[in-house]
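First the structure, in the form of structure tokens, and then the observations on it.
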Amino acid sequence: MILPILEFPDPRLRTKAKPVGEVDSNIRKLVDDMLETMYDAQGIGLAATQVDHHLQLIVMDLSDDKNEPLVFINPSLAPLCVDKVPYDEGCLSVPGFYETVERPARVRINALDREGKPFELQAEGLLAVCIQHEMDHLSGKLFVDYLSSLKRDRIKKKLEKQHKLQA
């Protein structure tokens, strides 16, 4: 089922996600719905917060064929270096806008998979950027928070205008 994606400046995007208590059929259904929503929106990552489920759950798929879904439940992240890399980021909750954000180049992620099994992986490049971007959502943070207040306000005003036109 395709879920509605919250858009900036919706205040629900600022909600801190709670840990998933048990990986059960309800969580797996949410994972499946989130993947379907992400693919439908032509995104590469989606946090549960973006679909108004305030749980520590992220789905991603960086493959060209969109057939390698990744699931991160209750993820934790540790930078593996002090080097930061700039990357042009976009977001399904901030449609149509791309801005450069600097993030740690390499990170380690610990999480549970779709079945509730723990795993660890080290990431760099797009995977590292994407997981950090999505984990920000779980803390109620958006990539626009890394921008100047002038840029952020300009994006906010444009999206608010679009929302009024669509209403």
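Every chain in the structure tokens takes a letter, A first, then B, and so on in the order presented; its residues are numbered from 1, and the ligands are numbered from 1 following the presented order.
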
**Report entry** All strand (DSSP E or B) residues (DSSP, backbone) inside region 1-68 of chain A, as a VMD selection string
**Finding:** chain A and resid 18 45 to 47 55 57 to 60

**Report entry** DSSP-assigned helix (DSSP H, G or I) members of region 38-114 of chain A, reported as a PyMOL selection string
**Finding:** chain A and resi 38-40+48-51

Query raised in the report: Which residues, written as a ChimeraX atom specification, have at least one atom at most 10 Å from region 11-20 of chain A, with only C-alpha atoms counted and residues fewer than 6 positions away on the same chain left out?
Result: /A:5,27,47-57,73-75,93,112,116,135-142

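Every protein, DNA or RNA residue with an atom at most 8 Å from region 119-124 of chain A, where only C-alpha atoms count and chain neighbours fewer than 5 positions away do not, is listed here: Ala105, Arg106, Val107, Arg108, Ile109, Asn110, Ala111, Leu112, Asp113 and Val129 of chain A.
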
Requested in this report: Would you work out the distance separating CA of Ile2 (chain A) from CA of Asp24 (chain A), expressed in Å to one decimal?
Outcome: 19.9 Å

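Each of A:Asp64, A:Glu134, A:Asp10, A:Glu160 was checked against Leu46 (chain A) using only C-alpha atoms; the smallest atom-to-atom distance is that of A:Glu134.
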
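Closest approach to Leu77 (chain A) among A:Ile131, A:Leu92, A:Met60, A:Thr37: A:Ile131, based on only C-alpha atoms.
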
Which polymer residues have any atom within 9 Å of an atom of Cys130 (chain A), counting only C-alpha atoms, with same-chain residues fewer than 3 positions away left out, as a CSV table (one decimal) with N, CA and C atoms, in the first residue's frame?
```csv
chain,number,residue,atom,x,y,z
A,44,ILE,N,15.3,6.9,-3.0
A,44,ILE,CA,16.3,5.9,-2.7
A,44,ILE,C,16.3,5.5,-1.2
A,45,GLY,N,15.6,6.3,-0.4
A,45,GLY,CA,15.5,6.1,1.0
A,45,GLY,C,14.3,6.7,1.6
A,60,MET,N,15.8,1.5,2.2
A,60,MET,CA,16.6,2.1,1.2
A,60,MET,C,16.8,1.1,0.1
A,62,LEU,N,19.6,1.5,-3.2
A,62,LEU,CA,20.5,2.3,-4.1
A,62,LEU,C,20.8,1.6,-5.4
A,89,GLU,N,22.1,16.6,-1.8
A,89,GLU,CA,21.0,15.8,-1.3
A,89,GLU,C,19.6,16.3,-1.7
A,125,GLY,N,30.5,6.7,0.6
A,125,GLY,CA,29.9,7.1,-0.6
A,125,GLY,C,28.4,7.3,-0.4
A,126,LEU,N,27.6,7.0,-1.4
A,126,LEU,CA,26.2,7.3,-1.4
A,126,LEU,C,25.5,6.6,-0.2
A,127,LEU,N,25.9,5.3,0.1
A,127,LEU,CA,25.3,4.6,1.2
A,127,LEU,C,25.4,5.3,2.5
A,133,HIS,N,21.3,10.7,6.2
A,133,HIS,CA,20.2,11.5,5.9
A,133,HIS,C,18.9,10.9,6.5
A,134,GLU,N,18.7,9.6,6.3
A,134,GLU,CA,17.5,9.0,6.8
A,134,GLU,C,17.5,8.9,8.3
A,135,MET,N,18.7,8.7,8.9
A,135,MET,CA,18.7,8.7,10.4
A,135,MET,C,18.4,10.0,11.0
```

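For Cys91 (chain A), the set of protein, DNA and RNA residues having any atom at most 8 Å away, when counting only C-alpha atoms and skipping those fewer than 5 positions along the same chain, is A:Gly43, A:Phe97, A:Tyr98, A:Phe143.
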
Keeping N, CA and C atoms for every residue in the selection just given, could you write it to a file as a short mmCIF file (atom, residue, chain, number, x, y, z; two decimals), in the first residue's frame?
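File produced: result.cif:
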```cif
data_model
loop_
_atom_site.label_atom_id
_atom_site.label_comp_id
_atom_site.auth_asym_id
_atom_site.auth_seq_id
_atom_site.Cartn_x
_atom_site.Cartn_y
_atom_site.Cartn_z
N GLY A 43 12.28 7.36 -4.98
CA GLY A 43 13.30 7.73 -4.00
C GLY A 43 14.28 6.60 -3.81
N PHE A 97 13.84 20.01 -4.45
CA PHE A 97 14.98 20.81 -3.98
C PHE A 97 16.18 19.91 -3.72
N TYR A 98 17.35 20.38 -4.15
CA TYR A 98 18.62 19.68 -3.92
C TYR A 98 19.62 20.69 -3.42
N PHE A 143 17.37 17.64 5.93
CA PHE A 143 18.60 18.15 5.32
C PHE A 143 18.58 19.67 5.20
#
```

Report task. Between A:Gly90, A:Pro79, A:Pro69, A:Gly96, single out the one closest to Asp32 (chain A), counting only C-alpha atoms. Result -> A:Pro69

Report summary line: Closest of A:Ser148, A:Gln162, A:Gln132, A:Ser63 to Phe8 (chain A), counting only C-alpha atoms, is A:Gln162

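If you measure from each of A:Gly21, A:Pro86, A:Pro9, A:Pro4 to Pro104 (chain A) using only C-alpha atoms, the closest one turns out to be A:Pro86.
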
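Closest approach to Asp88 (chain A) among A:Leu70, A:Val101, A:Ile58, A:Met38 is made by A:Val101 (distances from only C-alpha atoms).
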
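The space separating CA of Glu102 (chain A) from CA of Tyr87 (chain A) comes to 6.3 Å.
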